[in-house]
>>> print(open('start-v8.cif').read())   # mmCIF, C-alpha atoms and all ligand atoms
data_coords
#
loop_
_atom_site.group_PDB
_atom_site.id
_atom_site.type_symbol
_atom_site.label_atom_id
_atom_site.label_comp_id
_atom_site.auth_asym_id
_atom_site.auth_seq_id
_atom_site.Cartn_x
_atom_site.Cartn_y
_atom_site.Cartn_z
ATOM 1 C CA MET A 1 36.083 72.791 -7.775
ATOM 2 C CA SER A 2 33.757 70.495 -5.858
ATOM 3 C CA VAL A 3 31.454 67.579 -6.543
ATOM 4 C CA LEU A 4 28.339 67.083 -4.475
ATOM 5 C CA ILE A 5 27.111 63.483 -4.553
ATOM 6 C CA VAL A 6 23.767 62.333 -3.199
ATOM 7 C CA GLY A 7 22.647 58.711 -3.110
ATOM 8 C CA SER A 8 22.268 55.572 -1.061
ATOM 9 C CA VAL A 9 24.806 54.186 1.389
ATOM 10 C CA ALA A 10 24.197 50.492 1.861
ATOM 11 C CA LEU A 11 25.136 47.217 3.460
ATOM 12 C CA ASP A 12 24.407 44.789 0.634
ATOM 13 C CA TYR A 13 24.029 41.047 0.260
ATOM 14 C CA LEU A 14 25.699 39.929 -2.963
ATOM 15 C CA GLU A 15 25.591 36.597 -4.735
ATOM 16 C CA THR A 16 27.431 35.967 -7.996
ATOM 17 C CA PRO A 17 28.757 32.797 -9.658
ATOM 18 C CA PHE A 18 32.046 33.625 -7.856
ATOM 19 C CA GLY A 19 30.687 33.643 -4.318
ATOM 20 C CA LYS A 20 28.618 35.482 -1.749
ATOM 21 C CA MET A 21 29.189 38.451 0.496
ATOM 22 C CA GLU A 22 27.109 39.695 3.411
ATOM 23 C CA GLN A 23 27.107 43.179 4.901
ATOM 24 C CA ALA A 24 29.019 44.408 1.863
ATOM 25 C CA LEU A 25 29.676 48.132 1.692
ATOM 26 C CA GLY A 26 27.587 49.471 -1.177
ATOM 27 C CA GLY A 27 25.077 52.088 -2.248
ATOM 28 C CA SER A 28 25.076 54.550 -5.112
ATOM 29 C CA ALA A 29 26.652 57.420 -3.133
ATOM 30 C CA THR A 30 29.390 55.111 -1.877
ATOM 31 C CA PHE A 31 30.538 53.840 -5.283
ATOM 32 C CA CYS A 32 30.129 57.289 -6.907
ATOM 33 C CA SER A 33 32.147 59.050 -4.188
ATOM 34 C CA ILE A 34 34.992 56.552 -4.054
ATOM 35 C CA SER A 35 35.297 56.621 -7.824
ATOM 36 C CA ALA A 36 35.219 60.436 -8.057
ATOM 37 C CA SER A 37 37.817 60.658 -5.278
ATOM 38 C CA TYR A 38 40.452 59.195 -7.613
ATOM 39 C CA LEU A 39 40.096 62.112 -9.983
ATOM 40 C CA THR A 40 39.257 65.131 -7.859
ATOM 41 C CA GLU A 41 39.949 66.290 -4.330
ATOM 42 C CA ASN A 42 36.772 67.907 -3.191
ATOM 43 C CA VAL A 43 34.132 65.173 -2.988
ATOM 44 C CA ARG A 44 31.123 65.853 -0.752
ATOM 45 C CA ALA A 45 28.723 63.034 0.063
ATOM 46 C CA VAL A 46 25.130 63.309 1.239
ATOM 47 C CA GLY A 47 23.278 60.230 2.473
ATOM 48 C CA ILE A 48 22.015 58.388 5.512
ATOM 49 C CA VAL A 49 23.102 55.349 7.562
ATOM 50 C CA GLY A 50 21.860 53.556 10.651
ATOM 51 C CA GLY A 51 23.578 52.771 13.936
ATOM 52 C CA ASP A 52 24.730 49.442 12.439
ATOM 53 C CA PHE A 53 26.972 51.143 9.883
ATOM 54 C CA PRO A 54 30.536 50.128 10.804
ATOM 55 C CA GLN A 55 32.927 52.891 11.790
ATOM 56 C CA LYS A 56 35.616 51.251 9.632
ATOM 57 C CA HIS A 57 33.620 52.225 6.515
ATOM 58 C CA VAL A 58 33.353 55.825 7.696
ATOM 59 C CA ASP A 59 37.099 55.816 8.365
ATOM 60 C CA TYR A 60 37.846 54.388 4.933
ATOM 61 C CA LEU A 61 35.684 56.935 3.092
ATOM 62 C CA THR A 62 37.237 59.738 5.117
ATOM 63 C CA SER A 63 40.707 58.392 4.322
ATOM 64 C CA ARG A 64 39.848 58.846 0.637
ATOM 65 C CA ASN A 65 39.283 62.505 1.368
ATOM 66 C CA ILE A 66 35.516 62.235 0.947
ATOM 67 C CA ASP A 67 33.797 64.867 3.063
ATOM 68 C CA LEU A 68 31.007 63.128 5.012
ATOM 69 C CA LYS A 69 29.487 66.232 6.587
ATOM 70 C CA GLY A 70 26.291 65.414 4.683
ATOM 71 C CA LEU A 71 26.091 61.827 5.923
ATOM 72 C CA VAL A 72 23.409 61.557 8.594
ATOM 73 C CA ARG A 73 23.604 58.740 11.160
ATOM 74 C CA ILE A 74 20.411 57.562 12.896
ATOM 75 C CA GLU A 75 21.611 55.517 15.860
ATOM 76 C CA ASP A 76 18.391 53.557 16.410
ATOM 77 C CA GLY A 77 17.787 52.780 12.727
ATOM 78 C CA LYS A 78 19.128 50.255 10.213
ATOM 79 C CA THR A 79 21.241 51.063 7.176
ATOM 80 C CA PHE A 80 19.621 50.606 3.741
ATOM 81 C CA SER A 81 20.239 47.102 2.452
ATOM 82 C CA TRP A 82 19.893 45.601 -1.005
ATOM 83 C CA GLY A 83 20.274 41.931 -1.878
ATOM 84 C CA GLY A 84 21.136 40.892 -5.422
ATOM 85 C CA ARG A 85 21.812 37.615 -7.205
ATOM 86 C CA TYR A 86 23.563 37.577 -10.571
ATOM 87 C CA HIS A 87 22.868 35.061 -13.298
ATOM 88 C CA GLU A 88 25.612 32.923 -14.818
ATOM 89 C CA ASP A 89 26.329 35.470 -17.605
ATOM 90 C CA MET A 90 26.593 38.319 -15.014
ATOM 91 C CA ASN A 91 24.591 40.604 -17.328
ATOM 92 C CA THR A 92 21.329 40.069 -15.539
ATOM 93 C CA ARG A 93 20.506 40.063 -11.864
ATOM 94 C CA ASP A 94 17.543 39.573 -9.582
ATOM 95 C CA THR A 95 16.849 41.838 -6.663
ATOM 96 C CA LEU A 96 16.368 39.507 -3.696
ATOM 97 C CA TYR A 97 15.191 42.222 -1.329
ATOM 98 C CA THR A 98 15.331 45.945 -0.669
ATOM 99 C CA GLU A 99 15.196 46.959 2.989
ATOM 100 C CA LEU A 100 14.861 50.696 3.200
ATOM 101 C CA GLY A 101 15.659 51.043 6.912
ATOM 102 C CA VAL A 102 16.591 54.657 7.680
ATOM 103 C CA PHE A 103 16.138 55.474 3.996
ATOM 104 C CA GLU A 104 12.383 55.304 4.455
ATOM 105 C CA ASP A 105 12.241 58.753 6.076
ATOM 106 C CA PHE A 106 15.256 60.237 4.345
ATOM 107 C CA HIS A 107 15.111 63.766 3.031
ATOM 108 C CA PRO A 108 18.497 64.988 1.863
ATOM 109 C CA VAL A 109 19.648 68.166 3.565
ATOM 110 C CA ILE A 110 22.442 69.961 1.756
ATOM 111 C CA PRO A 111 24.705 71.811 4.225
ATOM 112 C CA ASP A 112 24.561 75.576 3.594
ATOM 113 C CA ASP A 113 28.159 75.857 2.457
ATOM 114 C CA TRP A 114 27.662 73.005 -0.033
ATOM 115 C CA LYS A 115 24.714 74.607 -1.808
ATOM 116 C CA GLN A 116 27.023 76.299 -4.270
ATOM 117 C CA SER A 117 28.836 73.128 -5.308
ATOM 118 C CA GLU A 118 29.770 73.472 -8.974
ATOM 119 C CA PHE A 119 29.254 69.829 -9.916
ATOM 120 C CA VAL A 120 26.317 67.784 -8.697
ATOM 121 C CA LEU A 121 25.788 64.061 -9.133
ATOM 122 C CA LEU A 122 22.301 62.826 -8.384
ATOM 123 C CA GLY A 123 23.124 59.202 -7.661
ATOM 124 C CA ASN A 124 20.475 56.545 -7.968
ATOM 125 C CA ILE A 125 17.756 57.233 -5.383
ATOM 126 C CA HIS A 126 14.039 57.938 -5.602
ATOM 127 C CA PRO A 127 13.523 60.766 -8.119
ATOM 128 C CA SER A 128 11.491 62.820 -5.655
ATOM 129 C CA LEU A 129 14.607 62.921 -3.419
ATOM 130 C CA GLN A 130 16.677 63.963 -6.423
ATOM 131 C CA ILE A 131 14.219 66.840 -6.922
ATOM 132 C CA GLU A 132 14.619 67.836 -3.260
ATOM 133 C CA VAL A 133 18.361 68.128 -3.895
ATOM 134 C CA LEU A 134 17.875 70.196 -7.052
ATOM 135 C CA ASP A 135 15.633 72.563 -5.100
ATOM 136 C CA GLN A 136 18.406 73.216 -2.574
ATOM 137 C CA ILE A 137 21.398 73.819 -4.808
ATOM 138 C CA GLU A 138 22.309 77.183 -6.292
ATOM 139 C CA GLU A 139 23.499 77.667 -9.870
ATOM 140 C CA PRO A 140 25.574 74.507 -10.369
ATOM 141 C CA LYS A 141 27.850 74.371 -13.371
ATOM 142 C CA LEU A 142 26.717 70.856 -14.247
ATOM 143 C CA VAL A 143 24.136 68.401 -12.927
ATOM 144 C CA VAL A 144 24.479 64.718 -13.796
ATOM 145 C CA CYS A 145 21.710 62.250 -13.026
ATOM 146 C CA ASP A 146 21.831 58.484 -12.709
ATOM 147 C CA THR A 147 18.744 56.313 -12.235
ATOM 148 C CA MET A 148 17.487 52.720 -12.353
ATOM 149 C CA ASN A 149 14.712 50.628 -13.897
ATOM 150 C CA LEU A 150 12.707 50.613 -10.644
ATOM 151 C CA TRP A 151 11.996 54.360 -10.891
ATOM 152 C CA ILE A 152 11.050 54.130 -14.554
ATOM 153 C CA ASP A 153 8.574 51.490 -13.464
ATOM 154 C CA ILE A 154 7.039 53.103 -10.407
ATOM 155 C CA SER A 155 7.880 56.838 -10.447
ATOM 156 C CA LEU A 156 8.006 57.850 -14.078
ATOM 157 C CA LYS A 157 6.361 61.229 -13.588
ATOM 158 C CA GLU A 158 8.848 62.326 -10.914
ATOM 159 C CA LEU A 159 11.745 60.903 -12.913
ATOM 160 C CA LYS A 160 10.732 62.902 -15.995
ATOM 161 C CA ALA A 161 10.597 66.032 -13.839
ATOM 162 C CA VAL A 162 14.198 65.391 -12.721
ATOM 163 C CA ILE A 163 15.418 64.630 -16.241
ATOM 164 C CA LYS A 164 13.995 67.939 -17.430
ATOM 165 C CA ARG A 165 16.294 69.786 -15.013
ATOM 166 C CA VAL A 166 19.634 68.029 -15.510
ATOM 167 C CA ASN A 167 22.462 68.542 -18.009
ATOM 168 C CA VAL A 168 23.621 64.936 -18.347
ATOM 169 C CA LEU A 169 21.534 61.779 -18.003
ATOM 170 C CA ILE A 170 23.365 58.490 -17.466
ATOM 171 C CA LEU A 171 21.549 55.165 -17.735
ATOM 172 C CA ASN A 172 22.008 51.697 -19.161
ATOM 173 C CA ASP A 173 20.664 50.378 -22.445
ATOM 174 C CA GLU A 174 17.768 48.485 -20.874
ATOM 175 C CA GLU A 175 16.691 51.582 -18.947
ATOM 176 C CA ALA A 176 16.998 53.770 -22.054
ATOM 177 C CA ARG A 177 14.664 51.407 -23.931
ATOM 178 C CA MET A 178 12.215 51.287 -21.025
ATOM 179 C CA LEU A 179 12.158 55.050 -20.603
ATOM 180 C CA THR A 180 11.681 55.910 -24.274
ATOM 181 C CA LYS A 181 9.848 52.828 -25.522
ATOM 182 C CA HIS A 182 12.317 52.724 -28.431
ATOM 183 C CA ASN A 183 14.317 49.565 -29.086
ATOM 184 C CA ASN A 184 16.832 51.366 -31.239
ATOM 185 C CA LEU A 185 19.329 53.133 -28.978
ATOM 186 C CA ILE A 186 19.949 56.009 -31.395
ATOM 187 C CA GLU A 187 16.250 56.770 -31.469
ATOM 188 C CA ALA A 188 16.135 56.328 -27.695
ATOM 189 C CA GLY A 189 19.064 58.731 -27.267
ATOM 190 C CA LYS A 190 17.428 61.363 -29.457
ATOM 191 C CA LYS A 191 14.198 61.072 -27.547
ATOM 192 C CA MET A 192 15.984 61.482 -24.196
ATOM 193 C CA LEU A 193 17.765 64.581 -25.515
ATOM 194 C CA ARG A 194 14.336 66.062 -26.187
ATOM 195 C CA MET A 195 13.373 65.405 -22.562
ATOM 196 C CA GLY A 196 15.793 68.018 -21.173
ATOM 197 C CA PRO A 197 19.462 67.025 -20.889
ATOM 198 C CA SER A 198 21.951 68.239 -23.475
ATOM 199 C CA VAL A 199 24.011 65.056 -23.137
ATOM 200 C CA VAL A 200 22.947 61.443 -22.666
ATOM 201 C CA VAL A 201 25.318 58.613 -21.779
ATOM 202 C CA ILE A 202 24.088 55.078 -22.371
ATOM 203 C CA LYS A 203 26.057 52.294 -20.648
ATOM 204 C CA LYS A 204 26.007 48.960 -22.420
ATOM 205 C CA GLY A 205 27.799 46.708 -19.911
ATOM 206 C CA GLU A 206 30.278 44.450 -21.685
ATOM 207 C CA HIS A 207 29.632 46.390 -24.904
ATOM 208 C CA GLY A 208 30.926 49.706 -23.622
ATOM 209 C CA ALA A 209 29.241 53.091 -23.543
ATOM 210 C CA VAL A 210 27.844 55.714 -25.881
ATOM 211 C CA LEU A 211 27.659 59.482 -25.424
ATOM 212 C CA MET A 212 25.159 61.463 -27.449
ATOM 213 C CA SER A 213 24.423 65.158 -27.743
ATOM 214 C CA LYS A 214 22.667 67.100 -30.489
ATOM 215 C CA ASP A 215 25.808 67.199 -32.649
ATOM 216 C CA ASN A 216 27.949 64.442 -31.181
ATOM 217 C CA TYR A 217 28.101 60.694 -31.102
ATOM 218 C CA PHE A 218 30.934 58.987 -29.249
ATOM 219 C CA ALA A 219 31.247 55.283 -28.528
ATOM 220 C CA ILE A 220 33.860 53.271 -26.665
ATOM 221 C CA PRO A 221 34.140 49.538 -26.046
ATOM 222 C CA ALA A 222 34.296 48.064 -22.559
ATOM 223 C CA TYR A 223 37.714 47.360 -21.104
ATOM 224 C CA PRO A 224 38.597 43.801 -22.172
ATOM 225 C CA LEU A 225 38.434 41.922 -18.873
ATOM 226 C CA GLU A 226 38.759 38.166 -18.736
ATOM 227 C CA GLU A 227 37.268 37.798 -15.304
ATOM 228 C CA LEU A 228 34.708 39.820 -13.453
ATOM 229 C CA LYS A 229 33.491 38.800 -10.032
ATOM 230 C CA ASP A 230 30.764 41.231 -9.055
ATOM 231 C CA PRO A 231 29.187 43.891 -11.291
ATOM 232 C CA THR A 232 27.469 45.655 -8.368
ATOM 233 C CA GLY A 233 28.151 49.362 -8.405
ATOM 234 C CA ALA A 234 29.713 49.445 -11.870
ATOM 235 C CA GLY A 235 27.137 51.992 -13.051
ATOM 236 C CA ASP A 236 27.644 54.239 -10.025
ATOM 237 C CA THR A 237 31.403 53.927 -10.320
ATOM 238 C CA PHE A 238 31.141 54.968 -13.969
ATOM 239 C CA ALA A 239 29.107 58.050 -13.029
ATOM 240 C CA GLY A 240 31.568 58.976 -10.251
ATOM 241 C CA GLY A 241 34.552 58.740 -12.593
ATOM 242 C CA PHE A 242 32.686 60.723 -15.247
ATOM 243 C CA ILE A 243 31.887 63.664 -12.980
ATOM 244 C CA GLY A 244 35.201 63.413 -11.130
ATOM 245 C CA TRP A 245 37.102 64.101 -14.341
ATOM 246 C CA LEU A 246 34.829 67.018 -15.276
ATOM 247 C CA ASP A 247 35.275 68.539 -11.825
ATOM 248 C CA ARG A 248 39.042 68.095 -11.919
ATOM 249 C CA THR A 249 39.308 69.903 -15.262
ATOM 250 C CA GLY A 250 36.400 72.336 -14.789
ATOM 251 C CA ASP A 251 35.699 71.802 -18.478
ATOM 252 C CA VAL A 252 32.144 70.786 -19.385
ATOM 253 C CA SER A 253 32.635 70.750 -23.164
ATOM 254 C CA VAL A 254 31.415 67.655 -24.964
ATOM 255 C CA ALA A 255 35.005 67.054 -26.127
ATOM 256 C CA ASN A 256 36.090 66.770 -22.494
ATOM 257 C CA MET A 257 33.072 64.607 -21.691
ATOM 258 C CA ARG A 258 34.498 62.022 -24.106
ATOM 259 C CA LYS A 259 37.510 61.722 -21.804
ATOM 260 C CA ALA A 260 35.144 61.606 -18.830
ATOM 261 C CA VAL A 261 33.409 58.593 -20.401
ATOM 262 C CA VAL A 262 36.778 56.875 -20.671
ATOM 263 C CA TYR A 263 37.633 57.628 -17.019
ATOM 264 C CA GLY A 264 34.208 56.341 -15.984
ATOM 265 C CA SER A 265 34.855 53.138 -17.904
ATOM 266 C CA VAL A 266 38.335 52.724 -16.417
ATOM 267 C CA LEU A 267 37.042 53.013 -12.848
ATOM 268 C CA ALA A 268 34.076 50.714 -13.590
ATOM 269 C CA SER A 269 36.430 48.098 -15.033
ATOM 270 C CA HIS A 270 38.303 48.004 -11.716
ATOM 271 C CA CYS A 271 35.057 47.901 -9.739
ATOM 272 C CA VAL A 272 33.764 44.670 -11.285
ATOM 273 C CA GLU A 273 36.973 42.753 -10.685
ATOM 274 C CA GLU A 274 36.224 42.245 -6.990
ATOM 275 C CA PHE A 275 33.193 42.102 -4.701
ATOM 276 C CA SER A 276 31.631 45.248 -3.260
ATOM 277 C CA ILE A 277 34.038 48.198 -3.314
ATOM 278 C CA GLU A 278 37.172 46.042 -3.084
ATOM 279 C CA GLY A 279 38.166 46.542 -6.729
ATOM 280 C CA ILE A 280 38.298 50.327 -6.246
ATOM 281 C CA ARG A 281 39.393 50.412 -2.605
ATOM 282 C CA ASP A 282 42.986 51.344 -3.272
ATOM 283 C CA LEU A 283 43.998 52.165 -6.828
ATOM 284 C CA SER A 284 47.156 53.947 -7.847
ATOM 285 C CA GLU A 285 47.355 56.764 -10.386
ATOM 286 C CA GLU A 286 49.424 54.418 -12.546
ATOM 287 C CA GLN A 287 46.702 51.744 -12.587
ATOM 288 C CA ILE A 288 44.166 54.320 -13.750
ATOM 289 C CA ALA A 289 46.506 55.859 -16.329
ATOM 290 C CA GLU A 290 47.438 52.445 -17.710
ATOM 291 C CA ARG A 291 43.852 51.481 -18.499
ATOM 292 C CA PHE A 292 43.110 54.971 -19.821
ATOM 293 C CA ASN A 293 45.968 54.509 -22.283
ATOM 294 C CA THR A 294 44.729 51.042 -23.218
ATOM 295 C CA PHE A 295 41.398 52.594 -24.162
ATOM 296 C CA ARG A 296 43.217 55.106 -26.340
ATOM 297 C CA THR A 297 45.234 52.380 -28.074
ATOM 298 C CA MET A 298 42.154 50.177 -28.536
ATOM 299 C CA SER A 299 40.154 52.957 -30.168
ATOM 300 C CA THR A 300 42.794 54.450 -32.489
ATOM 301 C CA PHE A 301 43.050 53.385 -36.109
HETATM 302 P P1 LIG A 401 24.482 49.431 -9.642
HETATM 303 O O1 LIG A 401 25.072 48.051 -9.704
HETATM 304 O O2 LIG A 401 25.379 50.474 -10.253
HETATM 305 O O3 LIG A 401 23.088 49.485 -10.142
HETATM 306 O O4 LIG A 401 24.413 49.856 -8.100
HETATM 307 C C1 LIG A 401 24.284 48.923 -7.056
HETATM 308 C C2 LIG A 401 24.050 49.632 -5.737
HETATM 309 O O5 LIG A 401 22.791 50.297 -5.780
HETATM 310 C C3 LIG A 401 24.014 48.659 -4.575
HETATM 311 O O6 LIG A 401 25.138 48.849 -3.748
HETATM 312 C C4 LIG A 401 22.687 48.967 -3.868
HETATM 313 O O7 LIG A 401 22.861 49.144 -2.490
HETATM 314 C C5 LIG A 401 22.172 50.226 -4.515
HETATM 315 N N1 LIG A 401 20.715 50.174 -4.722
HETATM 316 C C6 LIG A 401 19.981 49.124 -5.129
HETATM 317 N N2 LIG A 401 18.662 49.441 -5.175
HETATM 318 C C7 LIG A 401 18.571 50.740 -4.779
HETATM 319 C C8 LIG A 401 17.481 51.651 -4.590
HETATM 320 N N3 LIG A 401 16.229 51.290 -4.815
HETATM 321 N N4 LIG A 401 17.763 52.917 -4.184
HETATM 322 C C9 LIG A 401 19.042 53.279 -3.957
HETATM 323 N N5 LIG A 401 20.106 52.474 -4.100
HETATM 324 C C10 LIG A 401 19.897 51.211 -4.505
#
>>> encode(input="start-v8.cif", output="structure tokens", more="lines below")
Ligand code: AMP
Amino acid sequence: MSVLIVGSVALDYLETPFGKMEQALGGSATFCSISASYLTENVRAVGIVGGDFPQKHVDYLTSRNIDLKGLVRIEDGKTFSWGGRYHEDMNTRDTLYTELGVFEDFHPVIPDDWKQSEFVLLGNIHPSLQIEVLDQIEEPKLVVCDTMNLWIDISLKELKAVIKRVNVLILNDEEARMLTKHNNLIEAGKKMLRMGPSVVVIKKGEHGAVLMSKDNYFAIPAYPLEELKDPTGAGDTFAGGFIGWLDRTGDVSVANMRKAVVYGSVLASHCVEEFSIEGIRDLSEEQIAERFNTFRTMSTF
């Protein structure tokens, strides 16, 4: 099978109570692709970078078997950059700046032989770009969409048009409340299911994640970590692990999506342990399996 992932590729500035990092490799497509690459072999990334994007990052992504044929490089432009500062509790963050750079004129072009990708992950980017992707792909088996509060705020109409066309919507609790105007997450979930997708996954940070469909409700806790250094990319990493597992198994049943939620949570738990992508740079199968089993033990009674 194959997973097509579209999103941002970034050089971030990160500030958390544990330190700072400049020019940190980031972006939704980056975290999603790295995460998915631990579970499936055929990861295809579509995005854009500027001439300042270090070759070592391209080499690393390629070494993880991520196909970068869809990554455009504009030599005289600057790579998208996001600056974020986390509060003491790490649950909230302020965006310090967003410099679009080459992203400003980005229109994703899906290579012809990728248009029939079975699994598609619309990583967090402007919803009108997500629509451009949907218009180019042919009969995917499953489309998963991630988003962020910014688009609910400024591009709600376009976002609703995307949501209508996807199978799985992934967002966090704050975004679910914003989008539906319901404080209660069950009500919010039901409302989102009426907006188009047959499955909704709500991430609740340190409180885990919930999957809802018409007839299913599945909840898992977060992996019990004592120390997290940088939550950036945890949501994207979750989405990448989720779709990576579905692509590996080719099984889009809700029962299998429960396992996908666990894999997403396992990868996200590694992501937050280090800055940028460092926590997921080089994981072994054993490290992933060990945390997967911990989730099973934690949730059995
Ligand atoms: P997350 O922590 O999962 O929300 O994802 C963080 C990543 O999202 C960072 O690496 C940023 O570069 C990227 N990001 C932040 N704002 C945007 C945006 N407006 N569009 C696309 N990607 C973004």
>>> resolve_selection(input="start-v8.cif", expression="the PyMOL selection byres (((chain A and resi 109) around 9) and not hetatm)", output="number ranges by chain")
A: 46-47, 70, 107-108, 110-112, 132-133, 136
>>> write_last_selection(input="start-v8.cif", atoms="C-alpha atoms", output="short mmCIF file (atom, residue, chain, number, x, y, z; two decimals), keeping the file's coordinate frame")
data_model
loop_
_atom_site.label_atom_id
_atom_site.label_comp_id
_atom_site.auth_asym_id
_atom_site.auth_seq_id
_atom_site.Cartn_x
_atom_site.Cartn_y
_atom_site.Cartn_z
CA VAL A 46 25.13 63.31 1.24
CA GLY A 47 23.28 60.23 2.47
CA GLY A 70 26.29 65.41 4.68
CA HIS A 107 15.11 63.77 3.03
CA PRO A 108 18.50 64.99 1.86
CA ILE A 110 22.44 69.96 1.76
CA PRO A 111 24.70 71.81 4.22
CA ASP A 112 24.56 75.58 3.59
CA GLU A 132 14.62 67.84 -3.26
CA VAL A 133 18.36 68.13 -3.90
CA GLN A 136 18.41 73.22 -2.57
#
>>> residues_near_ligand(input="start-v8.cif", ligand="ligand LIG 401 (chain A)", cutoff="6 Å", atoms="all atoms listed in the file", output="list of chain:residue names")
A:Ser8, A:Ala10, A:Asp12, A:Gly26, A:Gly27, A:Ser28, A:Ser81, A:Trp82, A:Asn124, A:Ile125, A:Thr232, A:Gly233, A:Ala234, A:Gly235, A:Asp236
>>> write_last_selection(input="start-v8.cif", atoms="C-alpha atoms", output="PDB file, keeping the file's coordinate frame")
ATOM      1  CA  SER A   8      22.268  55.572  -1.061  1.00  0.00           C
ATOM      2  CA  ALA A  10      24.197  50.492   1.861  1.00  0.00           C
ATOM      3  CA  ASP A  12      24.407  44.789   0.634  1.00  0.00           C
ATOM      4  CA  GLY A  26      27.587  49.471  -1.177  1.00  0.00           C
ATOM      5  CA  GLY A  27      25.077  52.088  -2.248  1.00  0.00           C
ATOM      6  CA  SER A  28      25.076  54.550  -5.112  1.00  0.00           C
ATOM      7  CA  SER A  81      20.239  47.102   2.452  1.00  0.00           C
ATOM      8  CA  TRP A  82      19.893  45.601  -1.005  1.00  0.00           C
ATOM      9  CA  ASN A 124      20.475  56.545  -7.968  1.00  0.00           C
ATOM     10  CA  ILE A 125      17.756  57.233  -5.383  1.00  0.00           C
ATOM     11  CA  THR A 232      27.469  45.655  -8.368  1.00  0.00           C
ATOM     12  CA  GLY A 233      28.151  49.362  -8.405  1.00  0.00           C
ATOM     13  CA  ALA A 234      29.713  49.445 -11.870  1.00  0.00           C
ATOM     14  CA  GLY A 235      27.137  51.992 -13.051  1.00  0.00           C
ATOM     15  CA  ASP A 236      27.644  54.239 -10.025  1.00  0.00           C
TER      16      ASP A 236
END
>>> residues_around(input="start-v8.cif", residues="Glu286 of chain A", least_positions_apart="5", cutoff="12 Å", atoms="all atoms listed in the file", output="JSON, numbers by chain")
{"A": [38, 266, 291, 292, 293]}
>>> write_last_selection(input="start-v8.cif", atoms="C-alpha atoms", output="compact mmCIF listing (two decimals), keeping the file's coordinate frame")
# COMPACT_ATOMS: atom_id res chain seq x y z
CA TYR A 38 40.45 59.20 -7.61
CA VAL A 266 38.34 52.72 -16.42
CA ARG A 291 43.85 51.48 -18.50
CA PHE A 292 43.11 54.97 -19.82
CA ASN A 293 45.97 54.51 -22.28
>>> resolve_selection(input="start-v8.cif", expression="the PyMOL selection byres (((chain A and resi 22) around 8) and not hetatm)", output="list in words")
Leu11, Asp12, Tyr13, Leu14, Lys20, Met21, Gln23 and Ala24 of chain A
>>> residues_near_point(input="start-v8.cif", point="(35.1, 42.5, -10.8)", cutoff="8 Å", atoms="all atoms listed in the file", output="mmCIF file with C-alpha atoms, in the coordinates of the input")
data_model
loop_
_atom_site.group_PDB
_atom_site.id
_atom_site.type_symbol
_atom_site.label_atom_id
_atom_site.label_comp_id
_atom_site.auth_asym_id
_atom_site.auth_seq_id
_atom_site.Cartn_x
_atom_site.Cartn_y
_atom_site.Cartn_z
ATOM 1 C CA GLU A 227 37.268 37.798 -15.304
ATOM 2 C CA LEU A 228 34.708 39.820 -13.453
ATOM 3 C CA LYS A 229 33.491 38.800 -10.032
ATOM 4 C CA ASP A 230 30.764 41.231 -9.055
ATOM 5 C CA PRO A 231 29.187 43.891 -11.291
ATOM 6 C CA SER A 269 36.430 48.098 -15.033
ATOM 7 C CA HIS A 270 38.303 48.004 -11.716
ATOM 8 C CA CYS A 271 35.057 47.901 -9.739
ATOM 9 C CA VAL A 272 33.764 44.670 -11.285
ATOM 10 C CA GLU A 273 36.973 42.753 -10.685
ATOM 11 C CA GLU A 274 36.224 42.245 -6.990
ATOM 12 C CA PHE A 275 33.193 42.102 -4.701
ATOM 13 C CA GLY A 279 38.166 46.542 -6.729
#
>>> atom_distance(input="start-v8.cif", atom1="atom CA of Val261 of chain A", atom2="atom CA of Asp113 of chain A")
29.1 Å
>>> atom_distance(input="start-v8.cif", atom1="atom CA of Ala289 of chain A", atom2="atom CA of Tyr223 of chain A")
13.1 Å
>>> resolve_selection(input="start-v8.cif", expression="the PyMOL selection byres (((chain A and resi 264) around 6) and not hetatm)", output="PyMOL selection string")
chain A and resi 238+241-242+261-263+265-267
>>> residues_near_point(input="start-v8.cif", point="(36.1, 65.5, 1.1)", cutoff="8 Å", atoms="only C-alpha atoms", output="ChimeraX atom specification")
/A:41-45,62,64-68
>>> closest_residue(input="start-v8.cif", among="A:Thr249, A:Thr95, A:Thr16, A:Asn167", to="Ser2 of chain A", atoms="only C-alpha atoms")
A:Thr249
